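Quick look at run_19.txt (compact mmCIF, C-alpha atoms):
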```txt
# COMPACT_ATOMS: atom_id res chain seq x y z
CA MET S 720 14.50 -7.92 5.60
CA LEU S 721 15.43 -9.31 2.24
CA SER S 722 18.97 -8.46 1.28
CA LEU S 723 19.98 -8.58 -2.36
CA ASN S 724 23.43 -9.64 -1.20
CA TYR S 725 22.06 -12.74 0.53
CA LEU S 726 19.52 -14.45 -1.69
CA PRO S 727 17.63 -17.41 -0.20
CA ASN S 728 19.16 -20.78 -1.21
CA LYS S 729 21.84 -19.05 -3.23
CA LEU S 730 23.33 -21.26 -5.94
CA PRO S 731 27.05 -21.40 -6.81
CA ASP S 732 28.19 -18.51 -9.01
CA GLU S 733 24.76 -16.99 -8.85
CA SER S 734 24.49 -13.25 -9.38
CA ILE S 735 21.55 -10.91 -9.71
CA VAL S 736 20.92 -9.66 -13.22
CA ARG S 737 17.81 -7.59 -12.61
CA VAL S 738 15.23 -6.83 -9.94
CA VAL S 739 11.87 -6.05 -11.53
CA ARG S 740 8.80 -4.42 -10.03
CA ARG S 741 5.56 -3.32 -11.59
CA ASP S 742 5.75 -0.10 -13.56
CA VAL S 743 5.76 3.22 -11.68
CA PHE S 744 2.57 4.20 -13.49
CA ILE S 745 0.68 1.60 -11.43
CA ILE S 746 1.54 3.32 -8.15
CA PHE S 747 1.13 6.75 -9.77
CA LYS S 748 -2.50 5.86 -10.59
CA ARG S 749 -3.10 4.98 -6.96
CA VAL S 750 -1.39 8.18 -5.77
CA VAL S 751 -3.77 10.22 -7.95
CA ILE S 752 -6.81 8.37 -6.62
CA PHE S 753 -5.77 8.85 -3.03
CA ALA S 754 -4.88 12.50 -3.64
CA VAL S 755 -8.43 13.04 -4.91
CA LEU S 756 -9.81 11.27 -1.83
CA LEU S 757 -7.71 13.48 0.44
CA VAL S 758 -8.97 16.65 -1.24
CA LEU S 759 -12.67 15.61 -1.34
CA PRO S 760 -13.51 16.74 2.23
CA VAL S 761 -12.26 20.23 1.42
CA GLY S 762 -14.93 20.58 -1.27
CA PHE S 763 -17.49 19.04 1.02
CA PHE S 764 -16.67 21.52 3.82
CA TYR S 765 -16.83 24.44 1.39
CA LEU S 766 -20.31 23.39 0.29
CA MET S 767 -21.39 22.86 3.89
CA ILE S 768 -20.08 26.22 5.11
CA SER S 769 -21.55 28.13 2.21
CA ASN S 770 -24.99 26.65 2.98
CA ASP S 771 -24.96 26.64 6.77
CA ALA S 772 -21.97 27.84 8.81
CA THR S 773 -23.66 27.00 12.14
CA ALA S 774 -22.68 23.36 11.68
CA LEU S 775 -19.17 24.34 12.70
CA VAL S 776 -20.28 25.66 16.09
CA GLY S 777 -22.93 23.14 17.11
CA THR S 778 -22.41 21.12 20.28
CA VAL S 779 -22.76 17.82 18.45
CA SER S 780 -22.05 18.78 14.89
CA LEU S 781 -18.57 20.15 15.54
CA PRO S 782 -17.32 17.08 17.44
CA LEU S 783 -18.92 14.84 14.82
CA ILE S 784 -17.24 16.75 12.03
CA THR S 785 -13.91 16.67 13.85
CA LEU S 786 -14.03 12.95 14.58
CA GLY S 787 -15.45 12.12 11.16
CA THR S 788 -12.80 14.09 9.32
CA SER S 789 -10.01 12.58 11.40
CA ALA S 790 -11.34 9.05 10.89
CA TYR S 791 -11.75 9.63 7.14
CA TYR S 792 -8.21 10.90 6.64
CA LEU S 793 -6.69 8.16 8.78
CA PHE S 794 -8.69 5.56 6.86
CA VAL S 795 -7.59 6.91 3.48
CA TRP S 796 -3.96 7.10 4.57
CA LEU S 797 -4.06 3.53 5.87
CA PHE S 798 -5.45 2.24 2.59
CA PHE S 799 -2.86 4.17 0.63
CA PHE S 800 -0.20 2.52 2.83
CA PHE S 801 -1.73 -0.91 2.15
CA SER S 802 -1.79 -0.18 -1.56
CA PHE S 803 1.86 0.86 -1.54
CA VAL S 804 2.91 -2.21 0.46
CA ASP S 805 1.07 -4.43 -2.03
CA TYR S 806 2.90 -2.75 -4.92
CA TYR S 807 6.31 -2.56 -3.31
CA LEU S 808 6.55 -6.08 -1.94
CA ASP S 809 5.71 -7.72 -5.29
CA SER S 810 8.93 -8.30 -7.20
CA TRP S 811 10.73 -10.60 -9.62
CA ILE S 812 14.45 -11.23 -9.14
CA ILE S 813 16.22 -12.42 -12.26
CA THR S 814 19.56 -14.07 -11.59
CA ASN S 815 21.84 -15.95 -13.94
CA ARG S 816 20.50 -19.23 -12.47
CA ARG S 817 16.83 -18.67 -11.56
CA ILE S 818 13.91 -16.34 -11.46
CA ILE S 819 12.52 -15.68 -7.99
CA TYR S 820 8.95 -14.47 -7.91
CA ILE S 821 7.67 -12.78 -4.76
CA ASP S 822 3.96 -12.05 -4.59
CA GLN S 823 2.52 -10.30 -1.56
CA ARG S 824 -1.19 -11.16 -1.63
CA GLY S 825 -2.55 -8.85 1.05
CA PHE S 826 -1.35 -9.10 4.60
CA PHE S 827 -0.09 -12.34 6.06
CA SER S 828 -0.31 -14.01 2.66
CA ARG S 829 2.85 -14.29 0.61
CA VAL S 830 3.95 -16.52 -2.22
CA VAL S 831 7.62 -17.00 -3.09
CA ALA S 832 8.39 -19.20 -6.08
CA GLU S 833 11.57 -19.84 -7.96
CA HIS S 834 12.09 -21.26 -11.41
CA LYS S 835 15.37 -22.54 -12.76
CA ILE S 836 16.52 -20.66 -15.82
CA PHE S 837 17.50 -23.79 -17.75
CA ARG S 838 13.90 -25.06 -17.58
CA ILE S 839 12.58 -22.06 -19.46
CA GLN S 840 11.26 -23.04 -22.85
CA ASP S 841 9.40 -20.03 -24.10
CA VAL S 842 9.11 -16.35 -23.19
CA THR S 843 6.37 -14.06 -24.45
CA SER S 844 5.95 -10.34 -23.90
CA GLU S 845 2.62 -8.54 -24.22
CA THR S 846 1.66 -4.90 -24.29
CA HIS S 847 -2.01 -3.98 -24.67
CA GLY S 848 -3.64 -0.57 -24.56
CA LEU S 849 -2.76 3.05 -25.27
CA ILE S 850 -1.14 3.92 -21.96
CA PRO S 851 0.91 0.70 -21.66
CA THR S 852 2.11 1.17 -25.25
CA VAL S 853 3.09 4.79 -24.72
CA LEU S 854 4.68 4.16 -21.33
CA LYS S 855 6.14 0.80 -22.42
CA PHE S 856 4.95 -1.54 -19.74
CA GLY S 857 3.21 -4.89 -20.04
CA ASP S 858 3.32 -8.56 -19.17
CA VAL S 859 5.97 -11.21 -19.70
CA HIS S 860 4.87 -14.83 -19.71
CA VAL S 861 7.45 -17.53 -19.11
CA GLN S 862 6.79 -21.14 -20.03
CA THR S 863 8.82 -23.70 -18.11
CA ALA S 864 9.08 -27.45 -18.30
CA GLY S 865 8.36 -30.04 -15.68
CA THR S 866 7.17 -27.80 -12.84
CA ALA S 867 3.96 -27.64 -10.89
CA GLU S 868 3.30 -24.17 -12.23
CA GLU S 869 4.44 -24.41 -15.84
CA ARG S 870 3.67 -20.85 -16.81
CA PHE S 871 4.31 -17.83 -14.67
CA SER S 872 4.07 -14.16 -15.46
CA PHE S 873 5.63 -10.81 -14.84
CA ARG S 874 2.66 -8.46 -14.61
CA GLN S 875 2.67 -4.76 -15.59
CA VAL S 876 6.46 -4.57 -15.71
CA PRO S 877 8.42 -1.85 -17.50
CA ASN S 878 10.05 -2.68 -20.86
CA PRO S 879 8.65 -6.20 -21.20
CA ASP S 880 10.45 -6.72 -24.52
CA HIS S 881 13.81 -6.03 -22.91
CA ILE S 882 13.01 -8.37 -20.00
CA ARG S 883 12.01 -11.06 -22.49
CA ASP S 884 15.35 -10.67 -24.27
CA ILE S 885 17.25 -10.84 -20.98
CA ILE S 886 15.52 -14.08 -19.95
CA ILE S 887 15.99 -15.73 -23.35
CA LYS S 888 19.70 -14.88 -23.41
CA LEU S 889 20.14 -16.12 -19.84
CA ALA S 890 18.36 -19.39 -20.67
CA GLN S 891 20.50 -19.95 -23.76
CA LYS S 892 23.70 -19.14 -21.89
CA ASN S 893 22.70 -21.35 -18.96
CA ARG S 894 22.01 -24.33 -21.24
CA SER S 895 25.25 -23.88 -23.17
CA GLU S 896 27.34 -23.59 -19.98
CA ASN S 897 25.65 -26.48 -18.24
CA PRO S 898 24.41 -29.00 -20.81
CA TYR S 899 23.66 -31.66 -18.16
CA HIS S 900 21.49 -29.25 -16.15
CA GLU S 901 23.20 -30.07 -12.86
CA ILE S 902 22.15 -26.79 -11.31
CA MET U 1291 -33.45 10.85 26.27
CA THR U 1292 -29.89 12.02 26.74
CA PHE U 1293 -26.49 10.68 25.96
CA SER U 1294 -23.04 11.95 26.73
CA LEU U 1295 -20.95 13.24 23.88
CA ILE U 1296 -17.98 11.31 25.20
CA ILE U 1297 -19.50 8.11 23.82
CA LEU U 1298 -18.61 9.38 20.36
CA LEU U 1299 -15.06 9.84 21.54
CA TYR U 1300 -14.91 6.26 22.85
CA ILE U 1301 -16.16 4.97 19.50
CA TYR U 1302 -13.43 7.01 17.83
CA TYR U 1303 -10.83 5.55 20.19
CA ALA U 1304 -12.01 2.04 19.30
CA PHE U 1305 -11.60 2.87 15.61
CA LEU U 1306 -8.17 4.30 16.40
CA ALA U 1307 -7.10 1.12 18.20
CA LEU U 1308 -8.04 -0.96 15.14
CA TRP U 1309 -6.32 1.54 12.89
CA VAL U 1310 -3.09 1.33 14.88
CA ILE U 1311 -3.15 -2.49 14.72
CA PHE U 1312 -3.53 -2.47 10.93
CA PHE U 1313 -0.92 0.23 10.50
CA LEU U 1314 1.57 -1.73 12.59
CA ALA U 1315 0.82 -4.80 10.45
CA GLY U 1316 1.77 -2.83 7.34
CA PHE U 1317 4.85 -1.46 9.08
CA TYR U 1318 5.85 -5.01 10.06
CA HIS U 1319 5.45 -6.24 6.48
CA MET U 1320 7.61 -3.45 5.09
CA LEU U 1321 10.40 -4.10 7.58
CA LYS U 1322 10.26 -7.90 7.37
CA PHE U 1323 9.71 -8.46 3.66
CA GLY U 1324 11.01 -5.30 2.05
CA PHE U 1325 14.41 -5.17 0.43
CA LYS U 1326 17.19 -3.79 2.60
CA THR U 1327 17.51 -0.56 0.67
CA PHE U 1328 17.42 3.12 1.50
CA PHE U 1329 14.13 3.53 -0.37
CA THR U 1330 12.42 0.95 1.84
CA PHE U 1331 13.42 2.84 4.97
CA LEU U 1332 12.58 6.21 3.43
CA SER U 1333 9.12 5.19 2.25
CA THR U 1334 8.28 3.43 5.53
CA PHE U 1335 9.49 6.46 7.48
CA PHE U 1336 7.41 8.77 5.26
CA PHE U 1337 4.20 6.84 5.90
CA LEU U 1338 4.94 6.74 9.62
CA VAL U 1339 5.67 10.46 9.84
CA VAL U 1340 2.50 11.46 7.99
CA ALA U 1341 0.43 9.09 10.15
CA VAL U 1342 1.90 10.61 13.33
CA MET U 1343 1.21 14.11 11.99
CA MET U 1344 -2.40 13.19 11.23
CA LEU U 1345 -2.83 11.80 14.73
CA SER U 1346 -1.22 14.89 16.28
CA VAL U 1347 -3.49 17.27 14.37
CA SER U 1348 -6.51 15.13 15.23
CA PHE U 1349 -5.74 15.13 18.94
CA TYR U 1350 -4.99 18.86 18.87
CA TYR U 1351 -8.52 19.59 17.64
CA ILE U 1352 -10.14 16.88 19.77
CA ASN U 1353 -8.59 18.33 22.95
CA GLN U 1354 -10.12 21.71 22.18
CA LEU U 1355 -13.65 20.32 22.25
CA GLU U 1356 -15.85 19.91 25.26
CA TRP U 1357 -16.84 16.27 25.68
CA ASP U 1358 -18.63 16.25 29.03
CA VAL U 1359 -21.80 17.60 27.48
CA ASN U 1360 -25.08 15.80 27.64
CA ILE U 1361 -27.05 15.87 24.46
CA ILE U 1362 -30.80 15.91 24.71
CA LEU U 1363 -32.39 14.09 21.85
CA PHE U 1364 -35.83 14.56 20.45
CA GLU U 1365 -36.06 18.24 21.25
CA GLY U 1366 -37.04 18.62 17.62
CA PHE U 1367 -33.53 17.23 17.04
CA LEU U 1368 -32.37 20.76 16.37
CA GLY U 1369 -31.54 20.93 20.06
CA ALA U 1370 -28.41 19.00 19.19
CA PHE U 1371 -27.20 21.87 17.04
CA LYS U 1372 -27.71 24.59 19.63
CA ARG U 1373 -25.00 25.92 21.85
CA PRO U 1374 -25.55 24.87 25.49
CA MET U 1375 -26.79 27.61 27.78
CA PRO U 1376 -24.59 28.34 30.84
CA PHE U 1377 -25.57 26.45 34.02
CA GLN U 1378 -27.92 24.19 32.08
```

Will you turn the file into structure tokens for me?
Amino acid sequence: MLSLNYLPNKLPDESIVRVVRRDVFIIFKRVVIFAVLLVLPVGFFYLMISNDATALVGTVSLPLITLGTSAYYLFVWLFFFFSFVDYYLDSWIITNRRIIYIDQRGFFSRVVAEHKIFRIQDVTSETHGLIPTVLKFGDVHVQTAGTAEERFSFRQVPNPDHIRDIIIKLAQKNRSENPYHEI
Amino acid sequence: MTFSLIILLYIYYAFLALWVIFFLAGFYHMLKFGFKTFFTFLSTFFFLVVAVMMLSVSFYYINQLEWDVNIILFEGFLGAFKRPMPFQ
């Protein structure tokens, strides 16, 4: 497991400033969708029983309904678990020396990238749409210099303006403390 | 043409085996790549508990059904929805 006390390749005097995940609204949306999916069979059974109650006593229909319902609920629960794992394992760790980006792309596919704070040249925050504006979540784009991936993004994060300010201040402080960019 | 109802149960067991494999994969990812925090353990435990409850309820109802029944097809197909007569 990843411990926040033992960051990979920890630099001297490095400390965690912020751990950022996507906004809670993102997982809330998925919870609502899966709640609807869990309740759907109830409506379906009500319609079925009101039309023909003998389906619940048939020699084939009852086992089919039992197995089908069980398989449906297990399937929905598994996909909700997958969805949560995908949300929860994506994170951005902002330290006073670097930004570590962890992206879980499905199962058995994971990208971990780190960008030195002093290389950051430009930070942009974006919020588009009614719900993101009201709930204050959006994207933060960070432009770096001299790396394979020059621009990376924080997606659907809470308070993107505040995160932008944090990164800019850290970059300025890092450059002023270490003008030769040794670390 | 007849087939035993237990074939449906075997198909369900095959689905269940696949389901368990995928669930364990998710469980593995949470424990290996999740942060070492109380919330990680709590959320993983929650998903596990609900999954076990679903399986328990499923097996409770499955055990109440009679699976060693032969279904006769093409008796107007409605034969599949009739209760079996005793000593049939």

Computed gap from CA of Phe801 in chain S to CA of Phe1312 in chain U is 9.1 Å

_Distance cut-off 10 Å, counting only C-alpha atoms - which residues of chain S neighbour chain U? Return them as JSON, numbers by chain._
{"S": [720, 721, 722, 723, 724, 773, 774, 775, 776, 777, 778, 779, 780, 781, 782, 783, 785, 786, 787, 788, 789, 790, 792, 793, 794, 796, 797, 798, 799, 800, 801, 802, 803, 804, 805, 807, 808, 809, 810, 821, 823, 825, 826, 827, 829]}

Atom pair CA of Asn728 in chain S / CA of Leu1332 in chain U: separation (Å):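 CA of Leu1332 in chain U lies 28.2 Å from CA of Asn728 in chain S.
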
- Query: Rounded to one decimal in Å, what is the spacing between CA of Arg737 in chain S and CA of Ile836 in chain S?
  - Reply: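 Interatomic distance here is 13.5 Å.
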
Using all atoms listed in the file, the residue out of S:Ser769, S:Tyr806, S:Ile850, S:Ile735 with shortest distance to Val750 in chain S is S:Tyr806

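With all atoms listed in the file taken into account, the protein and nucleic acid residues at most 9 Å from range 812-816 of chain S (excluding it and anything under 5 positions from it in its own chain) are S:Leu730, S:Pro731, S:Asp732, S:Glu733, S:Ser734, S:Ile735, S:Val736, S:Arg737, S:Val738, S:Val739, S:Arg740, S:Ile821, S:His834, S:Lys835, S:Ile836, S:Phe837, S:Ile885, S:Ile886, S:Leu889, S:Ala890, S:Lys892, S:Asn893, S:Ile902.
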
*asked:* Measuring between only C-alpha atoms, which one of S:Leu766, S:Ile818, S:Val761, S:Ile745 shows the shortest distance to Val831 in chain S?
replied: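 Result for the nearest residue to Val831 in chain S: S:Ile818.
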